[in-house]
Structures are given as structure tokens and as C-alpha cells.
$ cat query_3.pdb   # PDB, C-alpha atoms
ATOM      1  CA  MET G   1     -14.899 135.081 146.123
ATOM      2  CA  SER G   2     -16.327 138.142 144.346
ATOM      3  CA  GLU G   3     -20.104 138.520 144.233
ATOM      4  CA  ARG G   4     -21.879 137.051 141.218
ATOM      5  CA  VAL G   5     -25.673 137.135 141.001
ATOM      6  CA  TYR G   6     -27.676 134.592 139.003
ATOM      7  CA  VAL G   7     -31.116 135.796 137.900
ATOM      8  CA  ILE G   8     -34.102 133.566 137.153
ATOM      9  CA  GLY G   9     -36.948 135.616 135.638
ATOM     10  CA  SER G  10     -34.807 138.373 134.152
ATOM     11  CA  THR G  11     -36.947 139.421 131.180
ATOM     12  CA  GLY G  12     -40.105 140.395 133.082
ATOM     13  CA  ASN G  13     -40.864 143.765 134.634
ATOM     14  CA  VAL G  14     -39.431 142.862 138.039
ATOM     15  CA  GLY G  15     -36.383 140.830 137.024
ATOM     16  CA  SER G  16     -35.262 143.280 134.363
ATOM     17  CA  ALA G  17     -35.296 146.087 136.924
ATOM     18  CA  THR G  18     -33.090 143.976 139.209
ATOM     19  CA  VAL G  19     -30.635 143.152 136.426
ATOM     20  CA  LYS G  20     -30.318 146.767 135.291
ATOM     21  CA  GLU G  21     -29.693 148.019 138.824
ATOM     22  CA  LEU G  22     -27.029 145.371 139.459
ATOM     23  CA  LEU G  23     -25.245 146.132 136.191
ATOM     24  CA  LYS G  24     -25.371 149.838 136.993
ATOM     25  CA  ASN G  25     -23.390 149.000 140.114
ATOM     26  CA  ASP G  26     -20.876 146.813 138.205
ATOM     27  CA  ILE G  27     -22.056 143.576 139.795
ATOM     28  CA  PRO G  28     -21.604 140.552 137.477
ATOM     29  CA  VAL G  29     -24.949 139.000 136.508
ATOM     30  CA  THR G  30     -25.914 135.765 134.783
ATOM     31  CA  VAL G  31     -29.419 135.467 133.317
ATOM     32  CA  TYR G  32     -31.168 132.163 132.580
ATOM     33  CA  VAL G  33     -33.434 132.687 129.556
ATOM     34  CA  ARG G  34     -35.292 130.759 126.881
ATOM     35  CA  SER G  35     -34.178 133.224 124.214
ATOM     36  CA  PRO G  36     -30.780 134.917 124.597
ATOM     37  CA  ALA G  37     -31.564 136.986 121.496
ATOM     38  CA  LYS G  38     -34.637 138.493 123.145
ATOM     39  CA  ALA G  39     -32.720 139.124 126.365
ATOM     40  CA  LYS G  40     -29.911 140.840 124.479
ATOM     41  CA  GLU G  41     -32.454 143.208 122.936
ATOM     42  CA  LEU G  42     -33.650 144.058 126.439
ATOM     43  CA  PHE G  43     -30.276 144.538 128.109
ATOM     44  CA  ALA G  44     -27.909 145.223 125.184
ATOM     45  CA  ASN G  45     -24.278 144.184 125.504
ATOM     46  CA  HIS G  46     -22.617 144.571 128.875
ATOM     47  CA  ALA G  47     -19.252 143.275 130.004
ATOM     48  CA  ASN G  48     -20.712 142.000 133.291
ATOM     49  CA  LEU G  49     -23.695 140.198 131.768
ATOM     50  CA  THR G  50     -23.710 136.499 130.819
ATOM     51  CA  PHE G  51     -26.582 134.724 129.037
ATOM     52  CA  VAL G  52     -27.451 131.060 129.621
ATOM     53  CA  GLN G  53     -30.115 129.419 127.463
ATOM     54  CA  GLY G  54     -32.466 126.995 129.181
ATOM     55  CA  ASP G  55     -35.967 126.295 130.511
ATOM     56  CA  TRP G  56     -37.741 124.480 133.338
ATOM     57  CA  ASN G  57     -38.004 121.136 131.500
ATOM     58  CA  ASP G  58     -34.258 120.536 131.646
ATOM     59  CA  LEU G  59     -32.279 122.236 134.428
ATOM     60  CA  LYS G  60     -28.939 120.833 133.327
ATOM     61  CA  PRO G  61     -27.813 124.174 131.794
ATOM     62  CA  PHE G  62     -28.701 125.824 135.111
ATOM     63  CA  GLU G  63     -26.803 123.214 137.145
ATOM     64  CA  GLU G  64     -23.719 123.691 135.007
ATOM     65  CA  SER G  65     -23.795 127.482 135.057
ATOM     66  CA  ILE G  66     -24.826 128.213 138.661
ATOM     67  CA  VAL G  67     -21.451 127.072 140.012
ATOM     68  CA  GLY G  68     -19.383 130.039 141.145
ATOM     69  CA  HIS G  69     -22.327 132.298 141.885
ATOM     70  CA  THR G  70     -22.930 133.571 145.403
ATOM     71  CA  ARG G  71     -26.511 134.735 145.134
ATOM     72  CA  LEU G  72     -29.698 133.851 143.246
ATOM     73  CA  PHE G  73     -32.746 135.921 142.311
ATOM     74  CA  LEU G  74     -35.721 133.567 141.910
ATOM     75  CA  LEU G  75     -38.909 134.589 140.126
ATOM     76  CA  VAL G  76     -40.910 132.059 138.140
ATOM     77  CA  HIS G  77     -43.895 133.306 136.152
ATOM     78  CA  GLY G  78     -47.177 131.427 136.271
ATOM     79  CA  LEU G  79     -48.504 129.021 138.894
ATOM     80  CA  GLN G  80     -48.355 125.720 136.983
ATOM     81  CA  ASP G  81     -45.875 123.397 138.769
ATOM     82  CA  LEU G  82     -44.535 126.445 140.623
ATOM     83  CA  VAL G  83     -43.618 124.600 143.828
ATOM     84  CA  LYS G  84     -41.799 121.828 141.964
ATOM     85  CA  ILE G  85     -39.855 124.248 139.759
ATOM     86  CA  LYS G  86     -38.826 126.660 142.500
ATOM     87  CA  SER G  87     -37.775 123.969 144.961
ATOM     88  CA  ALA G  88     -35.741 122.172 142.274
ATOM     89  CA  ILE G  89     -33.914 125.385 141.375
ATOM     90  CA  ALA G  90     -33.297 126.301 145.008
ATOM     91  CA  GLN G  91     -31.961 122.847 145.880
ATOM     92  CA  ARG G  92     -29.494 122.939 142.996
ATOM     93  CA  ALA G  93     -28.441 126.478 143.826
ATOM     94  CA  TYR G  94     -27.664 125.810 147.478
ATOM     95  CA  ALA G  95     -25.899 122.558 146.583
ATOM     96  CA  ALA G  96     -23.689 124.503 144.152
ATOM     97  CA  GLY G  97     -22.618 126.923 146.870
ATOM     98  CA  VAL G  98     -25.104 129.789 146.562
ATOM     99  CA  LYS G  99     -25.158 131.642 149.880
ATOM    100  CA  GLN G 100     -28.369 133.657 149.452
ATOM    101  CA  ILE G 101     -31.620 133.330 147.528
ATOM    102  CA  VAL G 102     -33.961 136.291 147.091
ATOM    103  CA  HIS G 103     -37.340 134.847 146.171
ATOM    104  CA  VAL G 104     -40.314 136.797 144.801
ATOM    105  CA  SER G 105     -43.434 135.315 146.393
ATOM    106  CA  GLY G 106     -46.707 137.150 147.076
ATOM    107  CA  VAL G 107     -48.460 139.074 149.823
ATOM    108  CA  ALA G 108     -51.367 136.605 149.746
ATOM    109  CA  VAL G 109     -49.152 134.084 151.586
ATOM    110  CA  GLY G 110     -50.181 135.927 154.743
ATOM    111  CA  ASP G 111     -53.893 135.300 154.112
ATOM    112  CA  PRO G 112     -55.651 132.501 156.035
ATOM    113  CA  TRP G 113     -54.439 129.032 155.056
ATOM    114  CA  ARG G 114     -55.913 127.728 151.774
ATOM    115  CA  SER G 115     -58.218 130.729 151.492
ATOM    116  CA  ASN G 116     -57.022 131.451 147.957
ATOM    117  CA  TYR G 117     -55.191 129.666 145.175
ATOM    118  CA  ILE G 118     -52.438 132.226 144.597
ATOM    119  CA  GLY G 119     -51.496 132.516 148.257
ATOM    120  CA  GLY G 120     -51.578 128.762 148.735
ATOM    121  CA  VAL G 121     -49.170 128.043 145.889
ATOM    122  CA  HIS G 122     -46.732 130.731 147.029
ATOM    123  CA  ARG G 123     -46.924 129.479 150.609
ATOM    124  CA  GLU G 124     -46.082 125.927 149.531
ATOM    125  CA  SER G 125     -43.131 127.273 147.525
ATOM    126  CA  GLU G 126     -41.782 129.165 150.531
ATOM    127  CA  GLU G 127     -42.189 126.140 152.802
ATOM    128  CA  ALA G 128     -40.408 123.869 150.302
ATOM    129  CA  ILE G 129     -37.389 126.179 150.110
ATOM    130  CA  LEU G 130     -37.251 126.719 153.866
ATOM    131  CA  ALA G 131     -37.175 122.940 154.358
ATOM    132  CA  ILE G 132     -34.051 122.386 152.226
ATOM    133  CA  PRO G 133     -31.356 120.874 154.495
ATOM    134  CA  ASN G 134     -28.195 122.914 155.099
ATOM    135  CA  ARG G 135     -29.452 125.764 152.952
ATOM    136  CA  GLY G 136     -28.051 129.268 152.870
ATOM    137  CA  ALA G 137     -29.885 132.513 153.576
ATOM    138  CA  TYR G 138     -33.408 132.825 152.196
ATOM    139  CA  VAL G 139     -34.986 136.268 151.736
ATOM    140  CA  THR G 140     -38.620 136.366 150.685
ATOM    141  CA  LEU G 141     -40.255 139.329 148.969
ATOM    142  CA  ARG G 142     -44.047 139.413 149.186
ATOM    143  CA  PRO G 143     -45.328 142.097 146.810
ATOM    144  CA  GLY G 144     -48.955 143.092 146.570
ATOM    145  CA  ARG G 145     -50.950 143.908 143.452
ATOM    146  CA  PHE G 146     -48.687 145.050 140.587
ATOM    147  CA  MET G 147     -49.395 148.486 139.118
ATOM    148  CA  VAL G 148     -48.746 146.976 135.697
ATOM    149  CA  ASN G 149     -51.915 144.884 136.175
ATOM    150  CA  ASN G 150     -53.721 147.988 134.941
ATOM    151  CA  ILE G 151     -52.234 147.125 131.562
ATOM    152  CA  THR G 152     -52.078 143.345 131.817
ATOM    153  CA  PHE G 153     -55.680 142.758 132.936
ATOM    154  CA  GLU G 154     -57.593 146.051 132.760
ATOM    155  CA  ILE G 155     -56.404 147.848 129.649
ATOM    156  CA  ASN G 156     -59.316 146.863 127.359
ATOM    157  CA  PRO G 157     -62.138 148.457 129.393
ATOM    158  CA  ILE G 158     -59.940 151.486 130.062
ATOM    159  CA  LYS G 159     -59.110 151.915 126.364
ATOM    160  CA  PHE G 160     -62.417 151.013 124.764
ATOM    161  CA  LEU G 161     -65.019 151.740 127.470
ATOM    162  CA  SER G 162     -63.177 154.529 129.296
ATOM    163  CA  ALA G 163     -63.922 152.693 132.514
ATOM    164  CA  ILE G 164     -62.485 150.633 135.330
ATOM    165  CA  LEU G 165     -64.730 147.630 135.889
ATOM    166  CA  ASP G 166     -64.834 145.881 139.254
ATOM    167  CA  THR G 167     -67.212 144.498 141.856
ATOM    168  CA  GLU G 168     -66.424 146.757 144.833
ATOM    169  CA  GLU G 169     -67.860 150.100 145.941
ATOM    170  CA  PRO G 170     -66.150 153.208 144.481
ATOM    171  CA  ASP G 171     -64.617 154.193 147.843
ATOM    172  CA  THR G 172     -63.066 150.768 148.449
ATOM    173  CA  VAL G 173     -59.283 150.961 148.860
ATOM    174  CA  GLN G 174     -56.895 148.802 146.824
ATOM    175  CA  THR G 175     -53.150 148.602 147.441
ATOM    176  CA  TRP G 176     -50.440 148.618 144.759
ATOM    177  CA  ILE G 177     -46.711 148.140 144.202
ATOM    178  CA  SER G 178     -44.517 149.168 141.292
ATOM    179  CA  THR G 179     -42.522 146.371 139.667
ATOM    180  CA  ASN G 180     -39.631 148.860 139.549
ATOM    181  CA  ASP G 181     -39.699 148.968 143.342
ATOM    182  CA  ILE G 182     -39.760 145.175 143.708
ATOM    183  CA  GLY G 183     -36.751 144.886 141.397
ATOM    184  CA  LEU G 184     -34.858 147.629 143.211
ATOM    185  CA  VAL G 185     -35.447 146.084 146.634
ATOM    186  CA  ALA G 186     -34.012 142.787 145.372
ATOM    187  CA  ALA G 187     -30.962 144.516 143.885
ATOM    188  CA  ASN G 188     -30.355 146.477 147.071
ATOM    189  CA  ILE G 189     -30.439 143.269 149.110
ATOM    190  CA  PHE G 190     -27.812 141.787 146.796
ATOM    191  CA  LYS G 191     -25.644 144.865 147.372
ATOM    192  CA  ASP G 192     -25.866 144.388 151.149
ATOM    193  CA  PRO G 193     -23.914 141.816 153.217
ATOM    194  CA  ILE G 194     -25.803 138.507 153.313
ATOM    195  CA  GLU G 195     -25.999 138.488 157.113
ATOM    196  CA  LYS G 196     -27.853 141.826 157.159
ATOM    197  CA  HIS G 197     -31.062 140.273 155.828
ATOM    198  CA  GLY G 198     -30.707 136.647 156.936
ATOM    199  CA  ASP G 199     -34.032 134.854 156.387
ATOM    200  CA  ALA G 200     -36.049 138.087 156.238
ATOM    201  CA  VAL G 201     -39.561 138.376 154.833
ATOM    202  CA  TYR G 202     -40.517 141.729 153.322
ATOM    203  CA  GLU G 203     -44.059 142.634 152.329
ATOM    204  CA  LEU G 204     -43.986 145.229 149.555
ATOM    205  CA  ILE G 205     -46.912 147.619 149.122
ATOM    206  CA  GLY G 206     -46.187 151.134 147.897
ATOM    207  CA  ASP G 207     -49.495 152.946 147.422
ATOM    208  CA  ALA G 208     -53.184 152.740 148.305
ATOM    209  CA  LEU G 209     -56.086 154.212 146.306
ATOM    210  CA  THR G 210     -59.839 153.969 146.090
ATOM    211  CA  PHE G 211     -61.336 153.006 142.748
ATOM    212  CA  SER G 212     -62.578 156.565 142.347
ATOM    213  CA  GLU G 213     -59.109 157.983 143.017
ATOM    214  CA  ARG G 214     -57.540 155.624 140.483
ATOM    215  CA  ALA G 215     -60.116 156.632 137.864
ATOM    216  CA  ALA G 216     -59.338 160.298 138.526
ATOM    217  CA  LEU G 217     -55.598 159.734 138.079
ATOM    218  CA  LEU G 218     -56.203 157.834 134.844
ATOM    219  CA  SER G 219     -58.444 160.645 133.595
ATOM    220  CA  LYS G 220     -55.750 163.234 134.299
ATOM    221  CA  ALA G 221     -52.925 161.198 132.737
ATOM    222  CA  LEU G 222     -54.858 160.110 129.638
ATOM    223  CA  ARG G 223     -56.629 163.476 129.200
ATOM    224  CA  ARG G 224     -60.076 161.949 128.889
ATOM    225  CA  THR G 225     -62.687 160.930 131.405
ATOM    226  CA  ILE G 226     -62.238 157.485 132.918
ATOM    227  CA  THR G 227     -65.026 156.402 135.253
ATOM    228  CA  TYR G 228     -65.433 153.581 137.723
ATOM    229  CA  LYS G 229     -68.274 151.161 137.021
ATOM    230  CA  LYS G 230     -69.381 148.544 139.501
ATOM    231  CA  VAL G 231     -70.206 145.263 137.745
ATOM    232  CA  SER G 232     -71.422 141.836 138.803
ATOM    233  CA  TYR G 233     -69.078 139.033 139.801
ATOM    234  CA  GLU G 234     -70.234 137.145 136.737
ATOM    235  CA  GLU G 235     -69.263 139.975 134.392
ATOM    236  CA  LYS G 236     -65.850 140.443 135.981
ATOM    237  CA  TYR G 237     -65.203 136.704 135.870
ATOM    238  CA  SER G 238     -66.195 136.568 132.205
ATOM    239  CA  ASN G 239     -63.845 139.463 131.380
ATOM    240  CA  LEU G 240     -60.941 137.777 133.168
ATOM    241  CA  VAL G 241     -61.495 134.393 131.521
ATOM    242  CA  GLN G 242     -62.508 135.452 128.010
ATOM    243  CA  ARG G 243     -60.563 138.670 127.497
ATOM    244  CA  ALA G 244     -57.565 138.271 129.823
ATOM    245  CA  SER G 245     -57.390 134.473 129.176
ATOM    246  CA  LEU G 246     -56.974 133.601 132.854
ATOM    247  CA  PRO G 247     -57.627 130.033 134.018
ATOM    248  CA  HIS G 248     -60.615 129.474 136.306
ATOM    249  CA  ARG G 249     -58.794 129.274 139.651
ATOM    250  CA  LEU G 250     -56.796 132.443 139.029
ATOM    251  CA  ALA G 251     -59.815 134.364 137.742
ATOM    252  CA  TYR G 252     -61.868 133.227 140.734
ATOM    253  CA  ASP G 253     -59.153 134.463 143.096
ATOM    254  CA  PHE G 254     -59.268 137.863 141.419
ATOM    255  CA  LEU G 255     -62.998 138.085 142.250
ATOM    256  CA  GLN G 256     -62.288 138.094 145.964
ATOM    257  CA  PRO G 257     -62.054 141.465 147.750
ATOM    258  CA  GLU G 258     -58.657 142.537 149.012
ATOM    259  CA  PRO G 259     -58.227 141.775 152.736
ATOM    260  CA  THR G 260     -58.667 144.907 154.859
ATOM    261  CA  GLY G 261     -55.308 144.300 156.532
ATOM    262  CA  TYR G 262     -53.295 145.214 153.435
ATOM    263  CA  LYS G 263     -51.550 148.567 153.993
ATOM    264  CA  VAL G 264     -48.677 150.566 152.542
ATOM    265  CA  THR G 265     -45.518 148.962 153.928
ATOM    266  CA  PRO G 266     -43.987 151.013 156.758
ATOM    267  CA  GLY G 267     -40.272 151.536 156.147
ATOM    268  CA  LEU G 268     -40.361 150.507 152.477
ATOM    269  CA  SER G 269     -38.239 153.588 151.768
ATOM    270  CA  ILE G 270     -35.460 152.026 153.878
ATOM    271  CA  LEU G 271     -35.292 149.012 151.582
ATOM    272  CA  LEU G 272     -35.536 151.188 148.464
ATOM    273  CA  GLY G 273     -33.189 154.002 149.435
ATOM    274  CA  ARG G 274     -35.916 156.420 148.239
ATOM    275  CA  GLN G 275     -39.653 156.904 148.572
ATOM    276  CA  PRO G 276     -41.846 154.230 146.923
ATOM    277  CA  GLU G 277     -43.131 154.929 143.436
ATOM    278  CA  THR G 278     -46.710 156.164 143.624
ATOM    279  CA  PHE G 279     -49.448 155.071 141.275
ATOM    280  CA  ALA G 280     -49.472 158.579 139.788
ATOM    281  CA  GLN G 281     -45.735 158.389 139.064
ATOM    282  CA  TRP G 282     -46.041 154.933 137.530
ATOM    283  CA  LEU G 283     -48.956 156.091 135.401
ATOM    284  CA  GLU G 284     -47.084 159.147 134.125
ATOM    285  CA  ALA G 285     -44.198 156.906 133.030
ATOM    286  CA  ASN G 286     -46.527 154.362 131.346
ATOM    287  CA  LYS G 287     -49.438 156.409 129.991
ATOM    288  CA  ALA G 288     -48.347 155.931 126.371
ATOM    289  CA  ARG G 289     -49.037 152.195 126.729
ATOM    290  CA  PHE G 290     -52.744 152.934 127.153
ATOM    291  CA  HIS G 291     -52.774 154.446 123.659
ATOM    292  CA  GLU G 292     -50.996 151.578 121.889
ATOM    293  CA  ASN G 293     -52.951 149.458 119.396
TER     294      ASN G 293
END
$ encode --input "query_3.pdb" --output "C-alpha cells"
Amino acid sequence: MSERVYVIGSTGNVGSATVKELLKNDIPVTVYVRSPAKAKELFANHANLTFVQGDWNDLKPFEESIVGHTRLFLLVHGLQDLVKIKSAIAQRAYAAGVKQIVHVSGVAVGDPWRSNYIGGVHRESEEAILAIPNRGAYVTLRPGRFMVNNITFEINPIKFLSAILDTEEPDTVQTWISTNDIGLVAANIFKDPIEKHGDAVYELIGDALTFSERAALLSKALRRTITYKKVSYEEKYSNLVQRASLPHRLAYDFLQPEPTGYKVTPGLSILLGRQPETFAQWLEANKARFHEN
């Protein structure tokens, strides 16, 4: 049977990078999307790309279309019902003959048990998939903080206040990963023999910066002074809830300092086939987005 990869979560930053890399290597891909029209705008027409319309409320279209695929990329956005959705998809995939699932989880799974909401939900998802009887290979990717979070959650103070706002000291180190790198690692795993990775778990962290260093890089890229301002927990929480529209439990998680054990992943270049994208490189490629209205 020739390789065919089914992608759940294809229209986000990570999944789209995986799809594009697979298509570049002439690997047939099927994407499961709510809006095929939107997906076609993102990927254009490609002979090796198939669109299936569906959502999480009714997995019948997925059940019917997963047959004949050998591998599955699994990324579900949001945390609501995440364990239920991911385990249901994985069960159906393995039952249909899928030999390998590559699942995007999160680095917080390695934090102490039940110490944070995000890590707890991802841990339960991993455990549910691992427990599926007679399953195939299961590769877990555990990325750290996305570089794109600078746009998703922090763009307003950067644009309008010329500042990064957080609760830590200026010399505190934060770790980052490019969504391009997460997507490429997944695609590279799909290009490899299934037995090479088995049930591997890969933490993915590509760069580490202090708040002051990040402000300096933003200043250079945007050609105006961006400073770091330490704020109270209450102010950060209010910004996350009111301006970024995060629910309480997620916003509260984001108040917690990053564990000191988070480090740039040794050997990440082996999985990528190149050096990891640095924050400076990501910023250079995305600086125009900080000027958009």
C-alpha cells in the first residue's frame, strides 16, 4: 500500500506547514476541514490533495474517508472536550487500519501531575490514545510556547504601548518554538519508516530568550523602541481575559512562571534536517503582521 497521510488540524500554523511539506514531497494528503473553500484558498489546487468536509460533532465523514490511509496527523485546537475528541478520532483511525498517529500535545505534560490545566488535559489525551487496544505506532510531539503567541496574545501591547507586559523579571528566560518547525518535524516523521520512531515522544523547543532580549529583537525588527514592563498578576490576567478573550483556567495557567527545566531541545536539528528557526528569524518573516490594522 502506498503512503497516504490524513491530516486533522490542517488550516492552522502547524498543520498547514505539515501539509505543504508533504505535498512538496509528492505524498498524497487528505485534510479534514469545516470549510473546504477556506482550505482551498490556503493550499490551492494540488493533484495529491483531497478535501473532506466535517467537524467534531459528527465523525461519520471522517470514518468513511480515513479508510485506505496509513498515517494520521492529529492536532485539535482548543481544550474543550479535547480528550473525548482526540481519543474518538484515534480509535476510529486505528480501527480503519492506520499504522501511525503523530499527535501534537504540549510540553506541559511533563510538569508535575495536575499542576496546570493545559498540561493535565494533554496528559489525559496522551493516556487515552496509549490505552487503545491493538493500536498502531503513536508518536507524540510536545512543543513549548509558540512564537506566534507574540501575535495571538501579545500584539496589542506591542503595537499600541510599544511594550511587552509580563510578571517576571527582565532577565527571566522563556523558551520558544516555531510552528514551522513543529509542522516540519511531523512531516519528516511521515517521510520516515514507521518503525524508526515507534512510540517516540519528542519535546520541541527551538530558542530561549530573556524578556529583555526579546524586546531588543522586536525593537530592531520593527524599527522602534519596544520595552519590557513588569506588571502585576492581576493586570496580566485582566489583559488575557478581556483583550485576548481567554477563559479563566487558560488565563490562570498563563500567569504561572515557566518551569526552570525547560531548555532548547538537544538534537532538534536531527528531527528537522536543519537548524531550528530562531526567534529572530521568525520575527523577520512575520514583522509585517505587527503593523497590520
$ closest_atom_pairs --input "query_3.pdb" --of "range 139-197 of chain G" --to "range 16-26 of chain G" --cutoff "9 Å" --atoms "all atoms listed in the file" --output "tab-separated table"
residue	atom	partner	partner_atom	distance
G:Thr179	CA	G:Ala17	CA	7.7
G:Asn180	CA	G:Ala17	CA	5.8
G:Asp181	CA	G:Ala17	CA	8.3
G:Ile182	CA	G:Thr18	CA	8.1
G:Gly183	CA	G:Thr18	CA	4.4
G:Leu184	CA	G:Thr18	CA	5.7
G:Val185	CA	G:Thr18	CA	8.1
G:Ala186	CA	G:Thr18	CA	6.3
G:Ala187	CA	G:Thr18	CA	5.2
G:Asn188	CA	G:Leu22	CA	8.4
G:Phe190	CA	G:Leu22	CA	8.2
G:Lys191	CA	G:Leu22	CA	8.0
$ residues_around --input "query_3.pdb" --residues "Pro170 in chain G" --least-positions-apart "6" --cutoff "7 Å" --atoms "only C-alpha atoms" --output "PDB file with C-alpha atoms, keeping the file's coordinate frame"
ATOM      1  CA  THR G 210     -59.839 153.969 146.090  1.00  0.00           C
ATOM      2  CA  PHE G 211     -61.336 153.006 142.748  1.00  0.00           C
ATOM      3  CA  SER G 212     -62.578 156.565 142.347  1.00  0.00           C
ATOM      4  CA  TYR G 228     -65.433 153.581 137.723  1.00  0.00           C
TER       5      TYR G 228
END
$ axis_aligned_box --input "query_3.pdb" --around "range 81-89 of chain G" --padding-each-side "4 Å" --output "AutoDock Vina command-line options"
--center_x -39.9 --center_y 124.2 --center_z 141.9 --size_x 20.0 --size_y 12.8 --size_z 14.2
$ residues_near_point --input "query_3.pdb" --point "(-25.5, 136.8, 149.7)" --cutoff "12 Å" --atoms "only C-alpha atoms" --output "NGL selection string"
:G and (1-6 or 69-73 or 94 or 97-102 or 136-139 or 186-199)
$ closest_atom_pairs --input "query_3.pdb" --of "range 24-103 of chain G" --to "range 124-127 of chain G" --cutoff "12 Å" --atoms "all atoms listed in the file" --output "CSV"
residue,atom,partner,partner_atom,distance
G:Leu74,CA,G:Ser125,CA,11.2
G:Leu75,CA,G:Ser125,CA,11.2
G:Val76,CA,G:Ser125,CA,10.8
G:Leu79,CA,G:Ser125,CA,10.3
G:Gln80,CA,G:Ser125,CA,11.9
G:Asp81,CA,G:Ser125,CA,10.0
G:Leu82,CA,G:Ser125,CA,7.1
G:Val83,CA,G:Ser125,CA,4.6
G:Lys84,CA,G:Ser125,CA,7.9
G:Ile85,CA,G:Ser125,CA,9.0
G:Lys86,CA,G:Ser125,CA,6.6
G:Ser87,CA,G:Ser125,CA,6.8
G:Ala88,CA,G:Ser125,CA,10.4
G:Ile89,CA,G:Ser125,CA,11.2
G:Ala90,CA,G:Ser125,CA,10.2
G:Ile101,CA,G:Glu126,CA,11.4
G:Val102,CA,G:Glu126,CA,11.1
G:His103,CA,G:Glu126,CA,8.4
$ closest_residue --input "query_3.pdb" --among "G:Tyr262, G:Ile27, G:Gly12, G:Leu271" --to "Ala47 in chain G" --atoms "all atoms listed in the file"
G:Ile27
$ resolve_selection --input "query_3.pdb" --expression "the PyMOL selection byres ((chain G and resi 236) around 12)" --output "VMD selection string"
chain G and resid 153 to 154 157 164 to 168 229 to 235 237 to 244 246 251 to 256
$ resolve_selection --input "query_3.pdb" --expression "the PyMOL selection byres ((chain G and resi 202) around 10)" --output "JSON, numbers by chain"
{"G": [104, 105, 106, 107, 139, 140, 141, 142, 143, 185, 197, 199, 200, 201, 203, 204, 205, 265, 268, 271]}
$ atom_distance --input "query_3.pdb" --atom1 "CA of His77 in chain G" --atom2 "CA of Ala215 in chain G"
28.5 Å
$ closest_residue --input "query_3.pdb" --among "G:Leu283, G:Arg92, G:Ile158, G:Asn149" --to "Ile129 in chain G" --atoms "only C-alpha atoms"
G:Arg92
$ resolve_selection --input "query_3.pdb" --expression "the PyMOL selection byres ((chain G and resi 115-117) around 9)" --output "VMD selection string"
chain G and resid 108 111 to 114 118 to 122 249 to 250 252 to 253 256
$ atom_distance --input "query_3.pdb" --atom1 "CA of Phe290 in chain G" --atom2 "CA of Pro276 in chain G"
22.6 Å
$ atom_distance --input "query_3.pdb" --atom1 "CA of Ala37 in chain G" --atom2 "CA of Ile8 in chain G"
16.2 Å
$ closest_residue --input "query_3.pdb" --among "G:Asn286, G:Ser245, G:Thr30, G:Asn156" --to "Gly68 in chain G" --atoms "all atoms listed in the file"
G:Thr30
$ residues_around --input "query_3.pdb" --residues "Ala96 in chain G" --least-positions-apart "3" --cutoff "7 Å" --atoms "all atoms listed in the file" --output "list in words"
Ile66, Val67, Arg92 and Ala93 of chain G
$ closest_residue --input "query_3.pdb" --among "G:Val31, G:Gln91, G:Phe160, G:Arg223" --to "Glu292 in chain G" --atoms "all atoms listed in the file"
G:Phe160
